[in-house]
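> Quick one, upload-v4.cif (mmCIF, C-alpha atoms (C1' of nucleotides)):
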```
data_target
#
loop_
_atom_site.label_atom_id
_atom_site.label_comp_id
_atom_site.auth_asym_id
_atom_site.auth_seq_id
_atom_site.Cartn_x
_atom_site.Cartn_y
_atom_site.Cartn_z
CA MET W 1067 101.03 70.64 179.41
CA PRO W 1068 97.33 70.13 179.89
CA LYS W 1069 96.06 72.46 182.53
CA VAL W 1070 92.36 72.50 183.17
CA GLY W 1071 90.23 75.44 182.04
CA MET W 1072 92.05 76.07 178.81
CA GLU W 1073 88.93 76.14 176.67
CA PRO W 1074 88.09 79.87 176.94
CA VAL W 1075 91.78 80.74 176.55
CA ARG W 1076 92.11 78.66 173.39
CA ARG W 1077 88.83 79.89 171.94
CA LYS W 1078 89.91 83.49 172.34
CA ALA W 1079 93.36 82.79 170.94
CA LEU W 1080 91.87 81.04 167.92
CA VAL W 1081 89.29 83.73 167.25
CA ASP W 1082 91.96 86.43 167.47
CA ALA W 1083 94.31 84.40 165.31
CA ALA W 1084 91.58 83.91 162.72
CA MET W 1085 90.97 87.65 162.49
CA ARG W 1086 94.67 88.36 162.11
CA VAL W 1087 95.31 85.65 159.53
CA ILE W 1088 92.22 86.61 157.54
CA GLY W 1089 93.24 90.26 157.64
CA ASP W 1090 96.78 89.54 156.50
CA HIS W 1091 95.60 87.17 153.84
CA GLY W 1092 92.73 89.42 152.80
CA SER W 1093 90.46 86.45 152.33
CA LEU W 1094 88.58 83.69 154.09
CA THR W 1095 90.44 81.06 152.12
CA VAL W 1096 92.89 80.56 154.91
CA THR W 1097 93.68 77.16 156.32
CA MET W 1098 92.87 75.92 159.76
CA SER W 1099 96.59 75.14 160.00
CA GLU W 1100 97.53 78.77 159.52
CA ILE W 1101 95.04 79.93 162.09
CA ALA W 1102 96.04 77.25 164.57
CA LYS W 1103 99.73 77.97 164.04
CA GLN W 1104 99.11 81.67 164.66
CA ALA W 1105 97.28 80.74 167.84
CA GLY W 1106 100.09 78.43 168.86
CA VAL W 1107 98.11 75.20 168.82
CA SER W 1108 97.60 72.27 166.52
CA PRO W 1109 94.97 72.28 163.78
CA ALA W 1110 93.30 69.35 165.49
CA LEU W 1111 92.69 71.44 168.58
CA ALA W 1112 90.95 74.11 166.56
CA HIS W 1113 88.59 71.47 165.24
CA HIS W 1114 88.16 70.08 168.71
CA TYR W 1115 86.87 73.38 170.06
CA PHE W 1116 84.98 74.72 167.07
CA GLY W 1117 83.86 71.62 165.25
CA SER W 1118 84.40 73.06 161.83
CA LYS W 1119 86.16 75.85 160.04
CA GLU W 1120 82.85 77.52 159.23
CA GLN W 1121 81.89 77.60 162.87
CA LEU W 1122 85.21 79.18 163.82
CA LEU W 1123 84.71 81.87 161.20
CA ILE W 1124 81.19 82.60 162.39
CA GLU W 1125 82.43 82.86 165.96
CA THR W 1126 85.15 85.20 164.77
CA VAL W 1127 82.59 87.54 163.25
CA ARG W 1128 80.38 87.35 166.27
CA VAL W 1129 83.10 88.05 168.81
CA HIS W 1130 84.58 90.96 166.89
CA LEU W 1131 81.22 92.59 166.29
CA GLN W 1132 80.50 92.19 169.98
CA ARG W 1133 83.71 94.04 170.80
CA LEU W 1134 82.80 96.77 168.36
CA ARG W 1135 79.44 97.05 170.02
CA ASP W 1136 81.05 97.39 173.42
CA SER W 1137 83.20 100.22 172.11
CA VAL W 1138 80.14 102.02 170.85
CA VAL W 1139 78.27 101.58 174.10
CA THR W 1140 81.19 102.96 176.09
CA ALA W 1141 81.61 105.91 173.76
CA LEU W 1142 77.89 106.68 173.87
CA ARG W 1143 77.93 106.68 177.66
CA LYS W 1144 80.67 109.29 177.71
CA ALA W 1145 78.88 111.60 175.30
CA LYS W 1146 76.25 113.94 176.71
CA THR W 1147 74.19 115.66 174.03
CA PRO W 1148 72.63 113.99 171.00
CA ARG W 1149 75.09 115.82 168.75
CA GLU W 1150 77.98 114.54 170.84
CA LYS W 1151 76.58 111.03 170.69
CA LEU W 1152 76.44 111.22 166.91
CA SER W 1153 80.10 112.24 166.88
CA ALA W 1154 80.91 109.40 169.24
CA VAL W 1155 79.34 106.83 166.93
CA ILE W 1156 81.30 108.20 164.02
CA ARG W 1157 84.55 108.30 165.94
CA VAL W 1158 84.29 104.67 167.02
CA SER W 1159 83.64 103.58 163.45
CA PHE W 1160 86.95 105.07 162.40
CA GLN W 1161 88.97 104.36 165.50
CA ALA W 1162 92.53 103.20 164.91
CA ASP W 1163 92.15 99.44 165.26
CA GLN W 1164 89.07 99.42 163.05
CA PHE W 1165 90.75 101.45 160.35
CA ALA W 1166 93.89 99.34 160.09
CA PRO W 1167 94.27 97.85 156.60
CA GLU W 1168 94.21 94.27 157.86
CA THR W 1169 91.04 94.89 159.84
CA ILE W 1170 89.35 96.41 156.84
CA ALA W 1171 90.49 93.52 154.68
CA ALA W 1172 89.00 91.07 157.14
CA TRP W 1173 85.65 92.84 157.29
CA LEU W 1174 85.54 93.02 153.54
CA ALA W 1175 86.08 89.28 153.39
CA PHE W 1176 83.27 88.74 155.87
CA TYR W 1177 80.91 90.98 153.93
CA ALA W 1178 81.58 88.86 150.88
CA GLU W 1179 81.07 85.70 152.92
CA ALA W 1180 77.71 87.03 154.07
CA GLN W 1181 76.45 86.28 150.58
CA ARG W 1182 76.79 82.60 151.36
CA SER W 1183 76.65 82.18 155.08
CA GLU W 1184 73.24 82.91 156.52
CA GLU W 1185 74.63 83.27 160.01
CA THR W 1186 77.40 85.63 158.98
CA ARG W 1187 74.88 87.80 157.23
CA ARG W 1188 72.66 87.81 160.29
CA PHE W 1189 75.44 89.22 162.45
CA LEU W 1190 76.40 91.86 159.92
CA VAL W 1191 72.80 92.88 159.46
CA ILE W 1192 72.42 93.29 163.20
CA TYR W 1193 75.48 95.53 163.23
CA ALA W 1194 74.17 97.58 160.30
CA ARG W 1195 70.80 98.01 161.95
CA ARG W 1196 72.38 99.04 165.23
CA LEU W 1197 74.53 101.64 163.54
CA HIS W 1198 71.46 102.95 161.75
CA SER W 1199 69.32 103.02 164.85
CA ASN W 1200 72.00 104.73 166.93
CA LEU W 1201 72.17 107.44 164.31
CA VAL W 1202 68.40 107.80 163.99
CA ALA W 1203 67.79 107.91 167.70
CA ASN W 1204 70.10 110.85 168.19
CA LEU W 1205 69.18 112.61 164.98
CA LYS W 1206 65.54 112.59 166.02
CA ALA W 1207 66.46 114.99 168.80
CA LEU W 1208 67.69 117.42 166.18
CA CYS W 1209 65.25 117.07 163.30
CA SER W 1210 62.09 115.34 162.15
CA ALA W 1211 61.83 111.57 162.11
CA SER W 1212 61.76 111.36 158.33
CA ASP W 1213 64.76 113.63 157.98
CA ALA W 1214 66.52 111.60 160.65
CA ALA W 1215 65.93 108.40 158.71
CA ARG W 1216 67.26 109.91 155.50
CA ILE W 1217 70.35 111.46 157.07
CA ALA W 1218 71.12 108.28 158.98
CA GLU W 1219 70.93 106.29 155.77
CA GLY W 1220 73.35 108.65 154.09
CA ALA W 1221 75.75 108.77 157.01
CA ALA W 1222 75.82 105.00 157.39
CA ALA W 1223 76.49 104.61 153.68
CA MET W 1224 79.26 107.15 153.84
CA ILE W 1225 80.92 105.40 156.75
CA ASP W 1226 80.81 102.05 154.98
CA GLY W 1227 81.99 103.65 151.74
CA LEU W 1228 84.95 105.35 153.37
CA TYR W 1229 85.84 101.96 154.77
CA ILE W 1230 85.80 100.14 151.49
CA ARG W 1231 87.74 102.89 149.78
CA GLN W 1232 90.30 102.87 152.53
CA GLY W 1233 90.61 99.15 151.99
CA LEU W 1234 91.49 99.65 148.36
CA GLY W 1235 94.31 101.90 149.42
CA SER W 1236 94.08 103.96 146.27
CA ALA W 1237 93.67 107.35 147.86
CA PRO W 1238 94.45 106.65 151.49
CA ILE W 1239 92.36 108.98 153.60
CA SER W 1240 93.40 109.73 157.14
CA THR W 1241 91.22 108.85 160.07
CA GLU W 1242 90.72 112.55 160.72
CA ALA W 1243 89.71 113.28 157.14
CA SER W 1244 87.19 110.44 157.20
CA ILE W 1245 85.71 111.68 160.44
CA ALA W 1246 85.65 115.22 159.09
CA LEU W 1247 83.81 114.18 155.93
CA THR W 1248 81.16 112.32 157.88
CA GLU W 1249 80.80 115.08 160.46
CA ASP W 1250 80.51 117.55 157.65
CA TYR W 1251 77.74 115.51 156.12
CA LEU W 1252 75.74 115.67 159.32
CA THR W 1253 76.39 119.33 159.97
CA THR W 1254 75.60 120.45 156.45
CA ASN W 1255 72.38 118.46 156.40
CA LEU W 1256 71.23 119.67 159.78
CA ASN W 1257 72.04 123.26 158.90
CA ALA W 1258 70.18 122.97 155.62
CA LEU W 1259 67.06 122.02 157.55
CA LYS W 1260 67.33 124.95 159.90
CA GLY W 1261 68.06 127.56 157.23
CA MET X 96 82.11 71.45 115.70
CA PRO X 97 85.36 73.29 115.37
CA LYS X 98 84.75 76.41 113.42
CA VAL X 99 87.60 78.84 113.15
CA GLY X 100 87.57 82.08 115.11
CA MET X 101 86.02 80.71 118.26
CA GLU X 102 88.57 82.24 120.58
CA PRO X 103 86.91 85.64 121.12
CA VAL X 104 83.53 83.95 121.44
CA ARG X 105 84.80 81.55 124.09
CA ARG X 106 86.70 84.23 125.97
CA LYS X 107 83.60 86.36 126.20
CA ALA X 108 81.45 83.42 127.21
CA LEU X 109 83.90 82.43 129.92
CA VAL X 110 84.27 85.94 131.27
CA ASP X 111 80.50 86.36 131.40
CA ALA X 112 80.09 82.95 132.97
CA ALA X 113 82.70 83.78 135.58
CA MET X 114 80.86 86.94 136.57
CA ARG X 115 77.56 85.09 136.83
CA VAL X 116 78.92 82.15 138.79
CA ILE X 117 80.87 84.42 141.14
CA GLY X 118 77.78 86.55 141.64
CA ASP X 119 75.57 83.58 142.39
CA HIS X 120 78.16 82.01 144.62
CA GLY X 121 79.04 85.30 146.25
CA SER X 122 82.69 84.38 146.31
CA LEU X 123 85.76 83.82 144.18
CA THR X 124 86.09 80.29 145.48
CA VAL X 125 84.32 78.92 142.47
CA THR X 126 85.73 76.11 140.42
CA MET X 127 86.90 76.34 136.86
CA SER X 128 84.49 73.48 136.22
CA GLU X 129 81.51 75.54 137.34
CA ILE X 130 82.55 78.47 135.20
CA ALA X 131 83.26 76.29 132.21
CA LYS X 132 79.98 74.44 132.62
CA GLN X 133 78.10 77.73 132.77
CA ALA X 134 79.89 78.80 129.59
CA GLY X 135 79.06 75.49 127.95
CA VAL X 136 82.63 74.29 127.48
CA SER X 137 85.02 71.92 129.20
CA PRO X 138 87.25 73.04 132.08
CA ALA X 139 90.25 72.21 129.93
CA LEU X 140 89.22 74.78 127.37
CA ALA X 141 89.02 77.49 129.99
CA HIS X 142 92.60 76.70 130.92
CA HIS X 143 93.56 76.58 127.28
CA TYR X 144 92.43 80.14 126.69
CA PHE X 145 93.28 81.77 130.00
CA GLY X 146 96.22 79.78 131.27
CA SER X 147 95.10 79.89 134.87
CA LYS X 148 92.11 80.57 137.03
CA GLU X 149 93.71 83.72 138.38
CA GLN X 150 94.16 85.08 134.88
CA LEU X 151 90.52 84.39 134.03
CA LEU X 152 89.40 86.23 137.15
CA ILE X 153 91.61 89.20 136.35
CA GLU X 154 90.25 89.30 132.83
CA THR X 155 86.74 89.16 134.26
CA VAL X 156 87.39 92.24 136.37
CA ARG X 157 89.03 94.05 133.50
CA VAL X 158 86.29 93.37 130.98
CA HIS X 159 83.46 94.29 133.32
CA LEU X 160 85.10 97.50 134.45
CA GLN X 161 85.67 98.35 130.81
CA ARG X 162 81.96 97.91 130.15
CA LEU X 163 81.12 100.08 133.12
CA ARG X 164 83.48 102.71 131.78
CA ASP X 165 81.77 102.60 128.40
CA SER X 166 78.42 103.18 130.07
CA VAL X 167 79.77 106.21 131.86
CA VAL X 168 81.29 107.67 128.71
CA THR X 169 78.02 107.28 126.84
CA ALA X 170 76.01 108.81 129.66
CA LEU X 171 78.43 111.73 129.96
CA ARG X 172 78.13 112.44 126.26
CA LYS X 173 74.37 112.73 126.49
CA ALA X 174 74.52 115.14 129.43
CA LYS X 175 75.01 118.81 128.66
CA THR X 176 75.73 120.89 131.76
CA PRO X 177 78.18 120.00 134.54
CA ARG X 178 75.29 119.42 136.92
CA GLU X 179 73.68 117.05 134.41
CA LYS X 180 76.96 115.25 133.98
CA LEU X 181 77.20 114.73 137.73
CA SER X 182 73.73 113.23 137.70
CA ALA X 183 74.71 111.02 134.78
CA VAL X 184 77.68 109.60 136.67
CA ILE X 185 75.49 108.85 139.66
CA ARG X 186 72.76 107.28 137.56
CA VAL X 187 75.16 104.90 135.83
CA SER X 188 76.58 103.78 139.15
CA PHE X 189 73.16 102.64 140.23
CA GLN X 190 71.79 101.43 136.92
CA ALA X 191 69.81 98.23 137.03
CA ASP X 192 72.41 95.68 136.00
CA GLN X 193 74.95 97.14 138.39
CA PHE X 194 72.58 97.12 141.29
CA ALA X 195 71.46 93.52 140.93
CA PRO X 196 72.31 91.48 144.04
CA GLU X 197 74.53 89.06 142.12
CA THR X 198 76.47 91.88 140.52
CA ILE X 199 77.04 93.50 143.86
CA ALA X 200 78.09 90.20 145.36
CA ALA X 201 80.61 89.75 142.58
CA TRP X 202 82.12 93.20 143.02
CA LEU X 203 82.34 92.67 146.73
CA ALA X 204 84.27 89.48 146.12
CA PHE X 205 86.62 91.30 143.78
CA TYR X 206 87.19 94.10 146.28
CA ALA X 207 88.21 91.48 148.79
CA GLU X 208 90.43 89.79 146.21
CA ALA X 209 92.15 93.12 145.58
CA GLN X 210 93.83 92.65 148.95
CA ARG X 211 95.81 89.79 147.44
CA SER X 212 95.92 90.29 143.72
CA GLU X 213 98.04 93.25 142.70
CA GLU X 214 96.48 93.32 139.25
CA THR X 215 92.92 93.18 140.52
CA ARG X 216 93.66 96.06 142.84
CA ARG X 217 95.18 98.03 139.96
CA PHE X 218 91.98 97.79 137.95
CA LEU X 219 89.75 98.70 140.86
CA VAL X 220 91.97 101.64 141.75
CA ILE X 221 91.76 102.90 138.20
CA TYR X 222 87.96 102.71 138.41
CA ALA X 223 87.91 104.52 141.75
CA ARG X 224 90.17 107.25 140.43
CA ARG X 225 88.08 107.69 137.32
CA LEU X 226 84.89 108.01 139.32
CA HIS X 227 86.59 110.57 141.52
CA SER X 228 88.01 112.55 138.66
CA ASN X 229 84.72 112.58 136.77
CA LEU X 230 83.08 114.02 139.83
CA VAL X 231 85.82 116.56 140.49
CA ALA X 232 85.97 117.75 136.90
CA ASN X 233 82.30 118.64 136.86
CA LEU X 234 82.15 119.94 140.39
CA LYS X 235 84.91 122.41 139.60
CA ALA X 236 82.52 124.18 137.30
CA LEU X 237 80.22 124.73 140.26
CA CYS X 238 82.55 125.43 143.16
CA SER X 239 86.16 125.86 144.17
CA ALA X 240 88.73 123.17 143.49
CA SER X 241 89.18 122.31 147.15
CA ASP X 242 85.44 122.08 147.75
CA ALA X 243 85.16 119.98 144.61
CA ALA X 244 87.75 117.53 145.93
CA ARG X 245 85.99 117.24 149.26
CA ILE X 246 82.51 116.80 147.83
CA ALA X 247 83.76 114.27 145.29
CA GLU X 248 85.36 112.25 148.06
CA GLY X 249 82.11 112.20 149.98
CA ALA X 250 79.96 111.37 146.99
CA ALA X 251 82.23 108.53 145.88
CA ALA X 252 82.21 107.11 149.39
CA MET X 253 78.45 107.35 149.54
CA ILE X 254 78.05 105.54 146.24
CA ASP X 255 80.34 102.72 147.34
CA GLY X 256 78.65 102.58 150.72
CA LEU X 257 75.17 102.35 149.27
CA TYR X 258 76.49 99.48 147.19
CA ILE X 259 77.87 97.49 150.06
CA ARG X 260 74.77 98.05 152.14
CA GLN X 261 72.60 96.96 149.26
CA GLY X 262 74.74 93.83 149.04
CA LEU X 263 73.97 92.96 152.62
CA GLY X 264 70.29 93.13 151.83
CA SER X 265 69.42 94.23 155.33
CA ALA X 266 67.53 97.37 154.46
CA PRO X 267 67.09 97.05 150.72
CA ILE X 268 67.14 100.53 149.24
CA SER X 269 65.61 101.13 145.86
CA THR X 270 67.65 102.39 142.96
CA GLU X 271 65.69 105.63 143.07
CA ALA X 272 66.26 106.11 146.78
CA SER X 273 69.99 105.56 146.35
CA ILE X 274 70.15 108.04 143.51
CA ALA X 275 68.09 110.50 145.52
CA LEU X 276 70.38 110.24 148.53
CA THR X 277 73.48 110.87 146.46
CA GLU X 278 71.86 113.68 144.50
CA ASP X 279 70.74 115.20 147.73
CA TYR X 280 74.28 115.06 149.05
CA LEU X 281 75.53 117.05 146.08
CA THR X 282 72.69 119.56 146.10
CA THR X 283 72.84 120.20 149.81
CA ASN X 284 76.60 120.69 149.70
CA LEU X 285 76.51 123.00 146.71
CA ASN X 286 73.70 125.05 148.21
CA ALA X 287 75.56 125.34 151.49
CA LEU X 288 78.44 126.93 149.63
CA LYS X 289 76.25 129.44 147.85
CA GLY X 290 74.17 130.46 150.84
"C1'" DT D 308 86.92 69.10 91.52
"C1'" DA D 309 88.84 65.69 94.53
"C1'" DT D 310 92.37 64.57 97.80
"C1'" DT D 311 95.70 65.49 101.21
"C1'" DT D 312 97.72 68.27 104.73
"C1'" DT D 313 97.58 71.43 108.22
"C1'" DT D 314 95.76 73.78 112.01
"C1'" DG D 315 92.58 75.47 115.51
"C1'" DA D 316 89.14 73.76 118.76
"C1'" DT D 317 88.01 70.66 122.09
"C1'" DT D 318 87.83 67.18 125.56
"C1'" DG D 319 88.37 62.96 128.78
"C1'" DA D 320 91.36 61.16 131.71
"C1'" DC D 321 94.89 61.84 134.80
"C1'" DT D 322 98.07 63.92 138.43
"C1'" DG D 323 99.77 66.28 142.26
"C1'" DA D 324 98.82 69.24 145.83
"C1'" DT D 325 96.03 71.01 149.28
"C1'" DC D 326 93.07 70.84 153.14
"C1'" DA D 327 89.17 69.99 156.26
"C1'" DA D 328 88.05 66.67 159.24
"C1'" DT D 329 88.82 62.33 162.04
"C1'" DC D 330 90.81 59.37 165.36
"C1'" DA D 331 93.53 56.89 168.23
"C1'" DA D 332 97.06 57.72 171.40
"C1'" DT D 333 99.44 60.38 175.12
"C1'" DA D 334 100.09 63.30 179.00
"C1'" DA D 335 98.86 65.69 182.87
"C1'" DA D 336 95.79 67.25 186.14
"C1'" DA D 337 91.81 66.17 189.36
"C1'" DT O 1288 91.10 56.28 188.00
"C1'" DT O 1289 88.62 59.45 185.41
"C1'" DT O 1290 88.55 63.52 182.91
"C1'" DT O 1291 90.44 67.24 180.12
"C1'" DA O 1292 93.85 68.89 176.88
"C1'" DT O 1293 96.47 67.99 173.14
"C1'" DT O 1294 98.61 66.25 168.96
"C1'" DG O 1295 100.62 63.25 165.02
"C1'" DA O 1296 99.15 60.63 161.59
"C1'" DT O 1297 95.84 59.64 158.33
"C1'" DT O 1298 91.94 59.89 155.22
"C1'" DG O 1299 88.86 61.37 151.73
"C1'" DA O 1300 87.48 64.90 148.87
"C1'" DT O 1301 88.25 68.63 146.00
"C1'" DC O 1302 90.47 71.08 142.34
"C1'" DA O 1303 93.83 73.50 139.40
"C1'" DG O 1304 96.40 72.38 135.88
"C1'" DT O 1305 98.40 68.99 132.18
"C1'" DC O 1306 98.45 66.09 128.22
"C1'" DA O 1307 97.72 63.20 124.57
"C1'" DA O 1308 94.25 62.27 121.43
"C1'" DT O 1309 90.25 63.54 118.41
"C1'" DC O 1310 87.54 66.08 115.28
"C1'" DA O 1311 86.37 69.04 111.69
"C1'" DA O 1312 87.17 73.09 108.99
"C1'" DA O 1313 90.32 75.39 105.98
"C1'" DA O 1314 94.20 75.56 102.94
"C1'" DA O 1315 97.18 73.52 99.79
"C1'" DT O 1316 97.91 70.47 96.18
"C1'" DA O 1317 97.01 67.48 92.41
#
```
Since I need it in another form, could you write the structure as structure tokens?

Amino acid sequence: MPKVGMEPVRRKALVDAAMRVIGDHGSLTVTMSEIAKQAGVSPALAHHYFGSKEQLLIETVRVHLQRLRDSVVTALRKAKTPREKLSAVIRVSFQADQFAPETIAAWLAFYAEAQRSEETRRFLVIYARRLHSNLVANLKALCSASDAARIAEGAAAMIDGLYIRQGLGSAPISTEASIALTEDYLTTNLNALKG
Amino acid sequence: MPKVGMEPVRRKALVDAAMRVIGDHGSLTVTMSEIAKQAGVSPALAHHYFGSKEQLLIETVRVHLQRLRDSVVTALRKAKTPREKLSAVIRVSFQADQFAPETIAAWLAFYAEAQRSEETRRFLVIYARRLHSNLVANLKALCSASDAARIAEGAAAMIDGLYIRQGLGSAPISTEASIALTEDYLTTNLNALKG
DNA sequence: TATTTTTGATTGACTGATCAATCAATAAAA
DNA sequence: TTTTATTGATTGATCAGTCAATCAAAAATA
């Protein structure tokens, strides 16, 4: 079996498996065995590459936030005007894979974990700040800095809130409806300033 | 020691202890021992009264949501006009004890748990629906039913989002700022309809 | 009132299961 | 042969849940 150069392959497989298992389970109290099984390796190998369960979970957060970031960067590049860039940021937040119930469940679990794990919190804070600053940067082209800060705060909260409510699955909102609500928030606020 | 009629006293103590320990710990992976210790009783007694850890946690959610509901009812009674009632609902959501970091951490943990525990989800869904319907009921007095539904959806999402972001502690927002943002959302939307 | 019986409250000690983490051993490439 | 990949077996710790025993108040009885 042992071919050389498996490390990056296994790491990716384990990180992906962790996300899937955590999403299905809706909690971080998943066993290394489950994750390893999902990745098609032994639990011992997971420990070999990550050292500990905690480290694997932290890596899982890091990698998935990195991917999210890449999506945002790509979407921002495609958009031309500030208003289009704002829409792009919103759209990525609600894109299909992010809005899947298991993905939401996983993020929810990580948000809870951030209460305990300093490193997990650090990554989530970086993400939150980036979202905020992307919004502010483009809003500034359309209104004053102080208004931009306020609107960005509200929009970010709304995005996160729509997420958590989607996770509950009480009143399942479609991707389009979520985007529409957030877009509407921006539009209404910007119009109110003009008028 | 044994005085008769301790059951309700112990149940309350354990439910309160659970909330505190979960909040401090930022997770539901707390031991019955910790909870019992915090409540000043033995772990065995916790099992005696609640049967299982899961049942204690479910009771904890139920009791605390009930208290939240009572707060809302009281606040609604004091408010006169629909617009005042909307403000009352918002204010209760962000009232001091609800906005404390440990309380937020606990709710976050329960939201995550709702992915697994049918009963926990049921209670949280009931709360979400009630928040929504309180908002809709009073908005209807100020705008059309369809606008009311939309605005309520946005406001509820914003409230939940401000919560989760507060929990992260990245950009700590004050109670007043959170209330202001949500109020502003309502006002701006209602004005946009009039204008 | 004094004594006995009953019952609710309470716990220490124990058990069985689970799980993260370790390690020594194996197998295949280099 | 040395290095890298991989796992089965094992360990040690943790914890939910159980149980038999204790203690003291209350209720019944004398």
> With the PyMOL selection byres ((chain W) within 12 of (chain O)) as the selection, what would be picked from this file? Answer as a short mmCIF file (atom, residue, chain, number, x, y, z; two decimals) with C-alpha atoms, in the frame of the given file, please.

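The file below, part.cif, is the result:
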```cif
data_model
loop_
_atom_site.label_atom_id
_atom_site.label_comp_id
_atom_site.auth_asym_id
_atom_site.auth_seq_id
_atom_site.Cartn_x
_atom_site.Cartn_y
_atom_site.Cartn_z
CA MET W 1067 101.03 70.64 179.41
CA PRO W 1068 97.33 70.13 179.89
CA LYS W 1069 96.06 72.46 182.53
CA VAL W 1070 92.36 72.50 183.17
CA GLY W 1071 90.23 75.44 182.04
CA MET W 1072 92.05 76.07 178.81
CA GLU W 1073 88.93 76.14 176.67
CA ARG W 1076 92.11 78.66 173.39
CA GLY W 1106 100.09 78.43 168.86
CA VAL W 1107 98.11 75.20 168.82
CA SER W 1108 97.60 72.27 166.52
CA PRO W 1109 94.97 72.28 163.78
CA ALA W 1110 93.30 69.35 165.49
CA LEU W 1111 92.69 71.44 168.58
CA ALA W 1112 90.95 74.11 166.56
CA HIS W 1113 88.59 71.47 165.24
CA HIS W 1114 88.16 70.08 168.71
CA TYR W 1115 86.87 73.38 170.06
#
```
> Selected by the PyMOL selection byres ((chain W and resi 1172) around 6) in the shown coordinates: which residues, as a VMD selection string?
chain W and resid 1088 to 1089 1092 1169 to 1171 1173 to 1175
> Give me the residues within 8 Å of Ala1154 of chain W as a ChimeraX atom specification, counting all atoms listed in the file and dropping any in the same chain fewer than 3 places off.
/W:1138,1141-1142,1145,1150-1151,1157-1158
> What does the PyMOL selection byres ((chain W and resi 1188-1191) around 10) select in this file, as a PyMOL selection string?
(chain W and resi 1124+1127-1128+1131-1132+1173+1176-1177+1180+1183-1187+1192-1197) or (chain X and resi 260+263-266)
> May I have a table of the residues of chain D lying at most 9 Å from chain X, giving each one's closest pair of atoms and their distance in Å to one decimal, counting only C-alpha atoms (C1' of nucleotides), ordered by chain and ascending residue number, as JSON lines?

```
{"residue": "D:DG315", "atom": "C1'", "partner": "X:Val99", "partner_atom": "CA", "distance": 6.5}
{"residue": "D:DA316", "atom": "C1'", "partner": "X:Pro97", "partner_atom": "CA", "distance": 5.1}
{"residue": "D:DT317", "atom": "C1'", "partner": "X:Leu140", "partner_atom": "CA", "distance": 6.8}
{"residue": "D:DT318", "atom": "C1'", "partner": "X:Ser137", "partner_atom": "CA", "distance": 6.6}
```
> Could you state the separation of atom CA of Asn1257 of chain W and atom CA of Thr283 of chain X in Å, given to one decimal place?
9.6 Å
> From the set X:Thr155, X:Ser228, X:Asn284, X:Thr169, which residue has the shortest atom-to-atom contact distance to chain W, counting all atoms listed in the file?
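Between X:Thr155, X:Ser228, X:Asn284, X:Thr169, the residue approaching chain W most closely is X:Asn284.
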> Rounded to one decimal place, report the atom CA of Ser241 of chain X-atom CA of Asp1163 of chain W distance in Å.
29.3 Å
> Counting only C-alpha atoms (C1' of nucleotides), find residues at most 10 Å from (76.4, 102.8, 150.6) (file frame) and give them as a ChimeraX atom specification.
/W:1219-1228,1230 /X:250-262,268,273,276-277
> So that I can check the surroundings of Ala1084 of chain W, please list as a list in words every protein, DNA and RNA residue that reaches within 10 Å of it, counting all atoms listed in the file and ignoring chain neighbours fewer than 3 positions away.
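The residues satisfying every condition are Lys1078, Ala1079, Leu1080, Val1081, Val1087, Ile1088, Gly1089, Asp1090, Leu1094, Val1096, Thr1097, Met1098, Glu1100, Ile1101, Ala1102, Gln1104, Ala1105, Leu1122, Leu1123, Glu1125, Thr1126, Val1127 and Ala1172 of chain W.
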> To one decimal place, how far is atom CA of Arg115 of chain X from atom CA of Val184 of chain X in Å?
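Computing it gives 24.5 Å between the two atoms.
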> Check the smallest atom-to-atom distance from each of W:Glu1179, W:Glu1242, W:Glu1249, W:Glu1120 to chain X using all atoms listed in the file, then report the winner.
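Under the stated criterion, the closest residue is W:Glu1179.
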> Taking all atoms listed in the file into account, name the residue in W:Ser1118, W:Leu1252, W:Ala1258, W:Ser1153 that is nearest to chain X.
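Looking only at the distances to chain X, the closest residue turns out to be W:Ala1258.
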> Counting all atoms listed in the file, which of W:Thr1095, W:Thr1241, W:Thr1147, W:Gln1164 gets nearest to Arg1133 of chain W?
W:Gln1164
> Taking all atoms of segment 1230-1234 of chain W that the file lists, what box with edges along x, y and z, padded by 6 Å per side, do you get, with centre and edge lengths in Å to one decimal, as AutoDock Vina command-line options?

```
--center_x 88.6 --center_y 101.0 --center_z 150.4 --size_x 17.7 --size_y 15.7 --size_z 16.2
```
> Would you please work out which residue, of X:Lys132, X:His227, X:His120, X:Lys173, is nearest to chain W when using only C-alpha atoms?
X:His120
